[in-house]
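Next up, start_5.pdb (PDB, C-alpha atoms):
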```pdb
ATOM      1  CA  MET M  24     -30.667  38.008 -70.016
ATOM      2  CA  ALA M  25     -33.895  36.065 -69.511
ATOM      3  CA  SER M  26     -35.412  39.099 -67.753
ATOM      4  CA  PHE M  27     -34.707  41.460 -70.634
ATOM      5  CA  LEU M  28     -34.618  39.411 -73.853
ATOM      6  CA  LYS M  29     -37.530  37.671 -75.547
ATOM      7  CA  GLY M  30     -37.479  34.041 -76.623
ATOM      8  CA  ILE M  31     -35.388  32.561 -73.805
ATOM      9  CA  THR M  32     -37.435  29.579 -72.670
ATOM     10  CA  ALA M  33     -35.033  27.883 -70.248
ATOM     11  CA  ALA M  34     -32.265  29.235 -68.044
ATOM     12  CA  VAL M  35     -29.884  27.575 -65.602
ATOM     13  CA  ILE M  36     -28.545  29.862 -62.898
ATOM     14  CA  ILE M  37     -25.369  28.556 -61.255
ATOM     15  CA  ASN M  38     -24.721  30.413 -57.996
ATOM     16  CA  GLY M  39     -26.221  33.551 -59.480
ATOM     17  CA  SER M  40     -27.202  36.799 -57.841
ATOM     18  CA  VAL M  41     -30.723  38.233 -57.910
ATOM     19  CA  ALA M  42     -29.173  41.691 -57.762
ATOM     20  CA  ASN M  43     -27.162  43.598 -60.329
ATOM     21  CA  VAL M  44     -23.556  43.636 -59.098
ATOM     22  CA  GLY M  45     -20.506  45.707 -59.961
ATOM     23  CA  GLY M  46     -21.796  48.379 -62.327
ATOM     24  CA  THR M  47     -24.929  50.018 -63.659
ATOM     25  CA  LEU M  48     -26.835  47.952 -66.217
ATOM     26  CA  HIS M  49     -28.323  49.923 -69.133
ATOM     27  CA  TYR M  50     -30.733  48.286 -71.565
ATOM     28  CA  LYS M  51     -33.294  49.941 -73.875
ATOM     29  CA  GLY M  52     -33.777  53.005 -71.698
ATOM     30  CA  GLU M  53     -33.874  51.003 -68.459
ATOM     31  CA  THR M  54     -31.270  51.359 -65.745
ATOM     32  CA  LEU M  55     -30.485  48.873 -63.007
ATOM     33  CA  PRO M  56     -28.072  50.307 -60.441
ATOM     34  CA  PRO M  57     -25.490  48.059 -58.773
ATOM     35  CA  ILE M  58     -26.235  46.771 -55.301
ATOM     36  CA  GLY M  59     -24.371  48.499 -52.500
ATOM     37  CA  VAL M  60     -21.269  47.033 -50.904
ATOM     38  CA  ASN M  61     -20.008  47.472 -47.346
ATOM     39  CA  LYS M  62     -16.274  46.743 -47.273
ATOM     40  CA  ASN M  63     -16.364  46.679 -43.461
ATOM     41  CA  ARG M  64     -18.183  43.340 -43.727
ATOM     42  CA  ILE M  65     -15.248  41.727 -45.568
ATOM     43  CA  LYS M  66     -13.442  39.249 -43.332
ATOM     44  CA  VAL M  67      -9.878  38.036 -43.779
ATOM     45  CA  THR M  68      -9.008  34.344 -43.468
ATOM     46  CA  LYS M  69      -5.997  33.110 -41.508
ATOM     47  CA  ASP M  70      -4.240  32.707 -44.885
ATOM     48  CA  GLY M  71      -4.802  36.387 -45.677
ATOM     49  CA  PHE M  72      -7.541  35.947 -48.296
ATOM     50  CA  ALA M  73     -10.689  38.057 -48.316
ATOM     51  CA  ASP M  74     -14.002  36.399 -47.455
ATOM     52  CA  ILE M  75     -16.592  38.624 -49.142
ATOM     53  CA  VAL M  76     -19.743  36.544 -48.561
ATOM     54  CA  ASP M  77     -21.303  39.264 -46.358
ATOM     55  CA  ALA M  78     -20.069  42.314 -48.310
ATOM     56  CA  LEU M  79     -23.130  42.954 -50.488
ATOM     57  CA  ASN M  80     -26.171  44.738 -49.092
ATOM     58  CA  SER M  81     -29.528  42.985 -49.049
ATOM     59  CA  PRO M  82     -31.506  43.474 -52.271
ATOM     60  CA  LEU M  83     -34.659  43.454 -50.118
ATOM     61  CA  GLU M  84     -33.960  46.671 -48.206
ATOM     62  CA  GLY M  85     -33.850  50.399 -48.907
ATOM     63  CA  PRO M  86     -32.415  51.779 -52.147
ATOM     64  CA  ASP M  87     -30.798  48.409 -52.922
ATOM     65  CA  GLN M  88     -34.250  47.091 -53.907
ATOM     66  CA  LYS M  89     -33.732  48.969 -57.196
ATOM     67  CA  SER M  90     -30.866  46.528 -57.950
ATOM     68  CA  PHE M  91     -33.106  43.445 -57.822
ATOM     69  CA  ILE M  92     -33.149  41.822 -61.272
ATOM     70  CA  PRO M  93     -36.788  41.661 -62.491
ATOM     71  CA  VAL M  94     -36.858  37.861 -62.818
ATOM     72  CA  GLU M  95     -40.656  37.939 -62.948
ATOM     73  CA  ARG M  96     -40.463  39.431 -66.466
ATOM     74  CA  ALA M  97     -38.685  36.367 -67.812
ATOM     75  CA  GLU M  98     -40.606  33.877 -69.934
ATOM     76  CA  SER M  99     -38.115  31.203 -68.910
ATOM     77  CA  THR M 100     -38.366  28.101 -66.836
ATOM     78  CA  PHE M 101     -35.543  28.289 -64.294
ATOM     79  CA  LEU M 102     -33.183  25.803 -62.674
ATOM     80  CA  PHE M 103     -31.022  27.156 -59.845
ATOM     81  CA  LEU M 104     -27.880  25.187 -58.953
ATOM     82  CA  VAL M 105     -26.615  26.320 -55.567
ATOM     83  CA  GLY M 106     -23.344  25.675 -53.758
ATOM     84  CA  GLN M 107     -24.166  25.943 -50.074
ATOM     85  CA  ASP M 108     -20.532  26.834 -49.259
ATOM     86  CA  ASP M 109     -20.412  29.700 -51.786
ATOM     87  CA  HIS M 110     -18.245  32.452 -50.300
ATOM     88  CA  ASN M 111     -18.695  34.916 -53.159
ATOM     89  CA  TRP M 112     -22.254  35.769 -52.097
ATOM     90  CA  LYS M 113     -25.370  34.217 -50.602
ATOM     91  CA  SER M 114     -26.429  32.031 -53.531
ATOM     92  CA  GLU M 115     -28.978  29.958 -51.645
ATOM     93  CA  PHE M 116     -30.678  33.083 -50.281
ATOM     94  CA  TYR M 117     -30.711  34.597 -53.793
ATOM     95  CA  ALA M 118     -32.246  31.469 -55.332
ATOM     96  CA  GLN M 119     -34.957  31.403 -52.645
ATOM     97  CA  GLU M 120     -35.707  35.118 -53.138
ATOM     98  CA  ALA M 121     -35.920  34.673 -56.919
ATOM     99  CA  SER M 122     -38.317  31.780 -56.344
ATOM    100  CA  LYS M 123     -40.504  33.883 -54.026
ATOM    101  CA  ARG M 124     -40.581  36.756 -56.495
ATOM    102  CA  LEU M 125     -41.436  34.511 -59.447
ATOM    103  CA  GLN M 126     -44.274  32.853 -57.532
ATOM    104  CA  ALA M 127     -45.576  36.200 -56.224
ATOM    105  CA  HIS M 128     -46.001  37.254 -59.862
ATOM    106  CA  GLY M 129     -47.826  34.052 -60.856
ATOM    107  CA  ARG M 130     -44.809  32.369 -62.409
ATOM    108  CA  LYS M 131     -43.945  28.700 -62.039
ATOM    109  CA  LYS M 132     -41.880  27.761 -58.997
ATOM    110  CA  PRO M 133     -38.313  27.171 -60.189
ATOM    111  CA  GLN M 134     -36.371  24.025 -59.452
ATOM    112  CA  ILE M 135     -33.607  24.663 -56.895
ATOM    113  CA  ILE M 136     -30.896  22.046 -56.322
ATOM    114  CA  CYS M 137     -28.586  22.675 -53.386
ATOM    115  CA  TYR M 138     -25.147  21.126 -52.991
ATOM    116  CA  PRO M 139     -23.771  21.012 -49.432
ATOM    117  CA  GLY M 140     -20.039  21.670 -49.397
ATOM    118  CA  ALA M 141     -19.920  23.105 -52.926
ATOM    119  CA  GLY M 142     -18.370  26.519 -53.487
ATOM    120  CA  HIS M 143     -18.999  29.324 -55.972
ATOM    121  CA  TYR M 144     -17.422  27.935 -59.129
ATOM    122  CA  ILE M 145     -19.497  24.883 -60.030
ATOM    123  CA  GLU M 146     -17.780  24.126 -63.327
ATOM    124  CA  PRO M 147     -17.904  21.136 -65.699
ATOM    125  CA  PRO M 148     -16.956  17.812 -64.091
ATOM    126  CA  TYR M 149     -13.354  17.184 -63.110
ATOM    127  CA  PHE M 150     -12.278  20.803 -63.264
ATOM    128  CA  PRO M 151     -10.185  21.372 -60.161
ATOM    129  CA  LEU M 152     -11.640  23.295 -57.251
ATOM    130  CA  CYS M 153     -10.605  26.942 -57.347
ATOM    131  CA  ARG M 154     -10.106  27.722 -53.654
ATOM    132  CA  ALA M 155      -9.114  31.376 -54.098
ATOM    133  CA  SER M 156      -8.144  33.800 -56.836
ATOM    134  CA  LEU M 157      -7.876  37.479 -57.628
ATOM    135  CA  HIS M 158     -11.255  39.207 -57.691
ATOM    136  CA  THR M 159     -10.922  42.232 -59.937
ATOM    137  CA  LEU M 160     -13.752  44.192 -58.314
ATOM    138  CA  VAL M 161     -12.333  43.587 -54.833
ATOM    139  CA  GLY M 162      -8.726  44.092 -55.928
ATOM    140  CA  SER M 163      -7.343  41.205 -53.894
ATOM    141  CA  PRO M 164      -7.550  37.407 -53.710
ATOM    142  CA  VAL M 165     -10.834  36.091 -52.320
ATOM    143  CA  ILE M 166     -11.965  32.639 -51.228
ATOM    144  CA  TRP M 167     -14.698  30.970 -53.287
ATOM    145  CA  GLY M 168     -15.660  28.202 -50.861
ATOM    146  CA  GLY M 169     -16.052  24.495 -51.435
ATOM    147  CA  GLU M 170     -14.786  21.287 -49.914
ATOM    148  CA  PRO M 171     -12.840  19.297 -52.552
ATOM    149  CA  ARG M 172     -14.823  16.027 -52.455
ATOM    150  CA  ALA M 173     -18.283  17.574 -52.081
ATOM    151  CA  HIS M 174     -17.498  20.186 -54.728
ATOM    152  CA  ALA M 175     -16.269  17.562 -57.215
ATOM    153  CA  MET M 176     -19.395  15.455 -56.692
ATOM    154  CA  ALA M 177     -21.572  18.561 -57.136
ATOM    155  CA  GLN M 178     -19.894  19.323 -60.468
ATOM    156  CA  VAL M 179     -20.681  15.822 -61.777
ATOM    157  CA  ASP M 180     -24.316  15.989 -60.649
ATOM    158  CA  ALA M 181     -24.819  19.590 -61.803
ATOM    159  CA  TRP M 182     -23.568  18.664 -65.286
ATOM    160  CA  GLU M 183     -26.201  15.921 -65.547
ATOM    161  CA  GLN M 184     -28.974  18.057 -64.014
ATOM    162  CA  LEU M 185     -28.229  20.916 -66.408
ATOM    163  CA  GLN M 186     -28.394  18.669 -69.480
ATOM    164  CA  THR M 187     -31.557  16.917 -68.304
ATOM    165  CA  PHE M 188     -33.205  20.296 -67.688
ATOM    166  CA  PHE M 189     -32.300  21.670 -71.112
ATOM    167  CA  HIS M 190     -33.368  18.457 -72.899
ATOM    168  CA  LYS M 191     -36.715  18.614 -71.097
ATOM    169  CA  HIS M 192     -37.415  22.284 -71.815
ATOM    170  CA  LEU M 193     -35.682  22.789 -75.158
ATOM    171  CA  GLY M 194     -36.354  19.426 -76.770
ATOM    172  CA  GLY M 195     -33.704  17.745 -78.831
ATOM    173  CA  LYS M 196     -32.133  14.340 -78.452
ATOM    174  CA  GLU M 197     -32.781  12.566 -75.185
ATOM    175  CA  GLY M 198     -29.997  11.476 -72.889
ATOM    176  CA  THR M 199     -27.013  13.218 -71.396
ATOM    177  CA  ILE M 200     -23.363  13.334 -72.222
ATOM    178  CA  PRO M 201     -21.753  11.415 -69.361
ATOM    179  CA  ALA M 202     -19.219  13.166 -67.190
ATOM    180  CA  LYS M 203     -16.054  11.545 -68.494
ATOM    181  CA  HIS M 204     -12.660  11.912 -66.943
ATOM    182  CA  MET M 205     -10.902  14.865 -68.508
ATOM    183  CA  TRP M 206      -7.493  13.251 -68.505
ATOM    184  CA  HIS M 207      -5.839  10.416 -70.382
ATOM    185  CA  HIS M 208      -3.342   7.787 -69.415
ATOM    186  CA  CYS M 209       0.206   8.062 -70.712
ATOM    187  CA  CYS M 210       2.183   5.002 -71.822
TER     188      CYS M 210
END
```

Just dump the structure as structure tokens.
Amino acid sequence: MASFLKGITAAVIINGSVANVGGTLHYKGETLPPIGVNKNRIKVTKDGFADIVDALNSPLEGPDQKSFIPVERAESTFLFLVGQDDHNWKSEFYAQEASKRLQAHGRKKPQIICYPGAGHYIEPPYFPLCRASLHTLVGSPVIWGGEPRAHAMAQVDAWEQLQTFFHKHLGGKEGTIPAKHMWHHCC
């Protein structure tokens, strides 16, 4: 959205892709084709789940370059939150490539925070780790990555980093909402 819409001054990208994925994007006469997929690069875990981390083509090569989201057009300041055990796609690589592209076009270097052992779904604190679920584009269950402890700690830190970033770049009241336990004690 930050690449196509005006007035977006701050954006947090959580394990995002720099390429358009899944279907053609049409906006105001522009077309962004989806990045290519090679199903032969899908691995299967011992539990029978798909590991799709290598399935997408590189957005740096051949016709797939047309799928690269034009991040350099954004007026936003970016924060990338990256799970280094993301098995959906190569989030750390994508964040680094977005950073290179932004800087090559004279934009400010984005902040990139990497979380070792965190998977794809970095959700609000204390949400349980989603190890695997049905991926509608793949048509079967896929693994999302993440080690339970490291992933949980990443969710707590990411929540605070996200709020701090938005307070800094969007103004408003200082301080963050602490990551409180999302459960209560029964009598």

Inset, instruction - Within 12 Å of (-34.2, 23.8, -75.1) (coordinates as in the file), grab all the protein and nucleic acid residues, counting only C-alpha atoms, and write them out as a list of chain:residue names. - result: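 Those residues, ordered by chain and then number, are M:Gly30, M:Ile31, M:Thr32, M:Ala33, M:Ala34, M:Val35, M:Ser99, M:Thr100, M:Phe101, M:Leu185, M:Gln186, M:Thr187, M:Phe188, M:Phe189, M:His190, M:Lys191, M:His192, M:Leu193, M:Gly194, M:Gly195, M:Lys196, M:Glu197.
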
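Distance annotation: of M:Ser156, M:Asn61, M:Gln88, M:Asn111, the residue with the minimal separation from M:Ile75 is M:Asn111; atom set is only C-alpha atoms.
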
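Taking only C-alpha atoms into account, M:His174 lies nearest to M:Gly140 out of the set M:Gly140, M:Pro151, M:Gly52, M:Pro82.
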
Test item: the PyMOL selection byres ((chain M and resi 158) around 12) resolved as a PDB file with C-alpha atoms, in the coordinates of the input:
```pdb
ATOM      1  CA  GLY M  45     -20.506  45.707 -59.961  1.00  0.00           C
ATOM      2  CA  PHE M  72      -7.541  35.947 -48.296  1.00  0.00           C
ATOM      3  CA  ALA M  73     -10.689  38.057 -48.316  1.00  0.00           C
ATOM      4  CA  ASP M  74     -14.002  36.399 -47.455  1.00  0.00           C
ATOM      5  CA  ILE M  75     -16.592  38.624 -49.142  1.00  0.00           C
ATOM      6  CA  ASN M 111     -18.695  34.916 -53.159  1.00  0.00           C
ATOM      7  CA  ALA M 155      -9.114  31.376 -54.098  1.00  0.00           C
ATOM      8  CA  SER M 156      -8.144  33.800 -56.836  1.00  0.00           C
ATOM      9  CA  LEU M 157      -7.876  37.479 -57.628  1.00  0.00           C
ATOM     10  CA  THR M 159     -10.922  42.232 -59.937  1.00  0.00           C
ATOM     11  CA  LEU M 160     -13.752  44.192 -58.314  1.00  0.00           C
ATOM     12  CA  VAL M 161     -12.333  43.587 -54.833  1.00  0.00           C
ATOM     13  CA  GLY M 162      -8.726  44.092 -55.928  1.00  0.00           C
ATOM     14  CA  SER M 163      -7.343  41.205 -53.894  1.00  0.00           C
ATOM     15  CA  PRO M 164      -7.550  37.407 -53.710  1.00  0.00           C
ATOM     16  CA  VAL M 165     -10.834  36.091 -52.320  1.00  0.00           C
ATOM     17  CA  ILE M 166     -11.965  32.639 -51.228  1.00  0.00           C
ATOM     18  CA  TRP M 167     -14.698  30.970 -53.287  1.00  0.00           C
TER      19      TRP M 167
END
```

First collect every listed atom of stretch 130-133 of chain M; then fit an axis-aligned box around them, widen it by 6 Å on each side, and give centre and edge lengths in Å to one decimal, as JSON.
```
{"center_x": -41.6, "center_y": 29.8, "center_z": -60.7, "size_x": 18.5, "size_y": 17.2, "size_z": 15.4}
```

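Rounded to one decimal, atom CA of M:Tyr144 and atom CA of M:Tyr117 lie 15.8 Å from each other.
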
Inset, instruction - Starting from the shown file, work through the PyMOL selection byres ((chain M and resi 120) around 12) and note down what comes out as a PyMOL selection string. - result: chain M and resi 39-42+81-83+91-95+103+113-119+121-127+132-133+135

Legend entry - Best match for closeness to M:Trp112 among M:Ile58, M:Asn38, M:Val67, M:Gly85, counting all atoms listed in the file: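 When distances to M:Trp112 are compared using all atoms listed in the file, the smallest one comes from M:Asn38.
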
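Pairwise distance (atom CA of M:Val60, atom CA of M:Asn80) equals 5.7 Å.
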
From the block you just saw, export stretch 141-154 of chain M: all heavy atoms, as a PDB file, in the first residue's frame.
```pdb
ATOM      1  N   ALA M 141      12.397 -17.222  15.197  1.00  0.00           N
ATOM      2  CA  ALA M 141      10.995 -16.832  15.016  1.00  0.00           C
ATOM      3  C   ALA M 141      10.529 -17.249  13.628  1.00  0.00           C
ATOM      4  O   ALA M 141      11.275 -17.157  12.654  1.00  0.00           O
ATOM      5  CB  ALA M 141      10.819 -15.327  15.193  1.00  0.00           C
ATOM      6  N   GLY M 142       9.281 -17.700  13.555  1.00  0.00           N
ATOM      7  CA  GLY M 142       8.709 -18.150  12.294  1.00  0.00           C
ATOM      8  C   GLY M 142       7.982 -17.045  11.552  1.00  0.00           C
ATOM      9  O   GLY M 142       8.207 -15.855  11.783  1.00  0.00           O
ATOM     10  N   HIS M 143       7.069 -17.455  10.659  1.00  0.00           N
ATOM     11  CA  HIS M 143       6.389 -16.505   9.774  1.00  0.00           C
ATOM     12  C   HIS M 143       5.376 -15.632  10.496  1.00  0.00           C
ATOM     13  O   HIS M 143       5.338 -14.430  10.291  1.00  0.00           O
ATOM     14  CB  HIS M 143       5.693 -17.267   8.641  1.00  0.00           C
ATOM     15  CG  HIS M 143       5.064 -16.371   7.620  1.00  0.00           C
ATOM     16  ND1 HIS M 143       5.818 -15.561   6.786  1.00  0.00           N
ATOM     17  CD2 HIS M 143       3.762 -16.142   7.296  1.00  0.00           C
ATOM     18  CE1 HIS M 143       5.000 -14.881   5.993  1.00  0.00           C
ATOM     19  NE2 HIS M 143       3.757 -15.205   6.277  1.00  0.00           N
ATOM     20  N   TYR M 144       4.541 -16.247  11.325  1.00  0.00           N
ATOM     21  CA  TYR M 144       3.450 -15.511  11.956  1.00  0.00           C
ATOM     22  C   TYR M 144       3.880 -14.862  13.266  1.00  0.00           C
ATOM     23  O   TYR M 144       3.683 -15.420  14.333  1.00  0.00           O
ATOM     24  CB  TYR M 144       2.239 -16.414  12.191  1.00  0.00           C
ATOM     25  CG  TYR M 144       1.457 -16.687  10.930  1.00  0.00           C
ATOM     26  CD1 TYR M 144       1.215 -17.975  10.505  1.00  0.00           C
ATOM     27  CD2 TYR M 144       0.960 -15.640  10.165  1.00  0.00           C
ATOM     28  CE1 TYR M 144       0.503 -18.219   9.343  1.00  0.00           C
ATOM     29  CE2 TYR M 144       0.246 -15.885   9.000  1.00  0.00           C
ATOM     30  CZ  TYR M 144       0.021 -17.172   8.598  1.00  0.00           C
ATOM     31  OH  TYR M 144      -0.684 -17.402   7.450  1.00  0.00           O
ATOM     32  N   ILE M 145       4.484 -13.684  13.172  1.00  0.00           N
ATOM     33  CA  ILE M 145       4.822 -12.921  14.372  1.00  0.00           C
ATOM     34  C   ILE M 145       3.575 -12.111  14.699  1.00  0.00           C
ATOM     35  O   ILE M 145       3.304 -11.083  14.091  1.00  0.00           O
ATOM     36  CB  ILE M 145       6.059 -12.037  14.150  1.00  0.00           C
ATOM     37  CG1 ILE M 145       7.277 -12.923  13.826  1.00  0.00           C
ATOM     38  CG2 ILE M 145       6.327 -11.173  15.388  1.00  0.00           C
ATOM     39  CD1 ILE M 145       8.540 -12.149  13.507  1.00  0.00           C
ATOM     40  N   GLU M 146       2.809 -12.610  15.664  1.00  0.00           N
ATOM     41  CA  GLU M 146       1.518 -12.035  16.011  1.00  0.00           C
ATOM     42  C   GLU M 146       1.635 -11.268  17.324  1.00  0.00           C
ATOM     43  O   GLU M 146       2.713 -11.192  17.915  1.00  0.00           O
ATOM     44  CB  GLU M 146       0.486 -13.168  16.097  1.00  0.00           C
ATOM     45  CG  GLU M 146       0.332 -13.861  14.746  1.00  0.00           C
ATOM     46  CD  GLU M 146      -0.748 -14.897  14.715  1.00  0.00           C
ATOM     47  OE1 GLU M 146      -0.537 -16.000  15.250  1.00  0.00           O
ATOM     48  OE2 GLU M 146      -1.801 -14.608  14.145  1.00  0.00           O
ATOM     49  N   PRO M 147       0.531 -10.686  17.822  1.00  0.00           N
ATOM     50  CA  PRO M 147       0.616 -10.010  19.121  1.00  0.00           C
ATOM     51  C   PRO M 147       1.103 -10.969  20.206  1.00  0.00           C
ATOM     52  O   PRO M 147       0.969 -12.192  20.073  1.00  0.00           O
ATOM     53  CB  PRO M 147      -0.831  -9.567  19.376  1.00  0.00           C
ATOM     54  CG  PRO M 147      -1.413  -9.403  18.005  1.00  0.00           C
ATOM     55  CD  PRO M 147      -0.789 -10.517  17.199  1.00  0.00           C
ATOM     56  N   PRO M 148       1.660 -10.422  21.280  1.00  0.00           N
ATOM     57  CA  PRO M 148       2.226 -11.269  22.339  1.00  0.00           C
ATOM     58  C   PRO M 148       1.233 -12.293  22.879  1.00  0.00           C
ATOM     59  O   PRO M 148       0.032 -12.008  22.994  1.00  0.00           O
ATOM     60  CB  PRO M 148       2.598 -10.261  23.428  1.00  0.00           C
ATOM     61  CG  PRO M 148       2.781  -8.980  22.717  1.00  0.00           C
ATOM     62  CD  PRO M 148       1.819  -8.997  21.570  1.00  0.00           C
ATOM     63  N   TYR M 149       1.767 -13.438  23.187  1.00  0.00           N
ATOM     64  CA  TYR M 149       1.060 -14.541  23.844  1.00  0.00           C
ATOM     65  C   TYR M 149       0.063 -15.258  22.942  1.00  0.00           C
ATOM     66  O   TYR M 149      -0.676 -16.113  23.406  1.00  0.00           O
ATOM     67  CB  TYR M 149       0.430 -14.095  25.179  1.00  0.00           C
ATOM     68  CG  TYR M 149       1.448 -13.354  26.024  1.00  0.00           C
ATOM     69  CD1 TYR M 149       1.342 -11.994  26.252  1.00  0.00           C
ATOM     70  CD2 TYR M 149       2.567 -14.025  26.525  1.00  0.00           C
ATOM     71  CE1 TYR M 149       2.303 -11.308  26.973  1.00  0.00           C
ATOM     72  CE2 TYR M 149       3.537 -13.345  27.245  1.00  0.00           C
ATOM     73  CZ  TYR M 149       3.404 -12.000  27.473  1.00  0.00           C
ATOM     74  OH  TYR M 149       4.365 -11.331  28.179  1.00  0.00           O
ATOM     75  N   PHE M 150       0.032 -14.928  21.668  1.00  0.00           N
ATOM     76  CA  PHE M 150      -0.698 -15.786  20.739  1.00  0.00           C
ATOM     77  C   PHE M 150       0.137 -17.033  20.568  1.00  0.00           C
ATOM     78  O   PHE M 150       1.359 -16.962  20.478  1.00  0.00           O
ATOM     79  CB  PHE M 150      -0.879 -15.092  19.386  1.00  0.00           C
ATOM     80  CG  PHE M 150      -2.084 -14.212  19.303  1.00  0.00           C
ATOM     81  CD1 PHE M 150      -2.257 -13.143  20.169  1.00  0.00           C
ATOM     82  CD2 PHE M 150      -3.063 -14.442  18.348  1.00  0.00           C
ATOM     83  CE1 PHE M 150      -3.362 -12.323  20.095  1.00  0.00           C
ATOM     84  CE2 PHE M 150      -4.173 -13.628  18.253  1.00  0.00           C
ATOM     85  CZ  PHE M 150      -4.330 -12.565  19.129  1.00  0.00           C
ATOM     86  N   PRO M 151      -0.491 -18.193  20.522  1.00  0.00           N
ATOM     87  CA  PRO M 151       0.297 -19.422  20.398  1.00  0.00           C
ATOM     88  C   PRO M 151       0.973 -19.518  19.037  1.00  0.00           C
ATOM     89  O   PRO M 151       0.479 -18.969  18.047  1.00  0.00           O
ATOM     90  CB  PRO M 151      -0.746 -20.528  20.578  1.00  0.00           C
ATOM     91  CG  PRO M 151      -2.050 -19.895  20.249  1.00  0.00           C
ATOM     92  CD  PRO M 151      -1.923 -18.440  20.602  1.00  0.00           C
ATOM     93  N   LEU M 152       2.100 -20.192  19.021  1.00  0.00           N
ATOM     94  CA  LEU M 152       2.827 -20.431  17.777  1.00  0.00           C
ATOM     95  C   LEU M 152       1.997 -21.320  16.862  1.00  0.00           C
ATOM     96  O   LEU M 152       1.527 -22.380  17.268  1.00  0.00           O
ATOM     97  CB  LEU M 152       4.168 -21.106  18.083  1.00  0.00           C
ATOM     98  CG  LEU M 152       4.969 -21.638  16.888  1.00  0.00           C
ATOM     99  CD1 LEU M 152       5.381 -20.513  15.958  1.00  0.00           C
ATOM    100  CD2 LEU M 152       6.198 -22.393  17.376  1.00  0.00           C
ATOM    101  N   CYS M 153       1.811 -20.863  15.635  1.00  0.00           N
ATOM    102  CA  CYS M 153       1.130 -21.684  14.626  1.00  0.00           C
ATOM    103  C   CYS M 153       2.213 -22.438  13.868  1.00  0.00           C
ATOM    104  O   CYS M 153       2.910 -21.867  13.040  1.00  0.00           O
ATOM    105  CB  CYS M 153       0.321 -20.794  13.680  1.00  0.00           C
ATOM    106  SG  CYS M 153      -0.536 -21.720  12.396  1.00  0.00           S
ATOM    107  N   ARG M 154       2.377 -23.709  14.172  1.00  0.00           N
ATOM    108  CA  ARG M 154       3.443 -24.511  13.551  1.00  0.00           C
ATOM    109  C   ARG M 154       3.154 -24.818  12.088  1.00  0.00           C
ATOM    110  O   ARG M 154       4.043 -24.796  11.245  1.00  0.00           O
ATOM    111  CB  ARG M 154       3.625 -25.824  14.301  1.00  0.00           C
ATOM    112  CG  ARG M 154       4.301 -25.671  15.643  1.00  0.00           C
ATOM    113  CD  ARG M 154       4.687 -27.055  16.159  1.00  0.00           C
ATOM    114  NE  ARG M 154       5.549 -27.002  17.309  1.00  0.00           N
ATOM    115  CZ  ARG M 154       6.843 -26.719  17.273  1.00  0.00           C
ATOM    116  NH1 ARG M 154       7.423 -26.434  16.155  1.00  0.00           N
ATOM    117  NH2 ARG M 154       7.548 -26.716  18.377  1.00  0.00           N
TER     118      ARG M 154
END
```
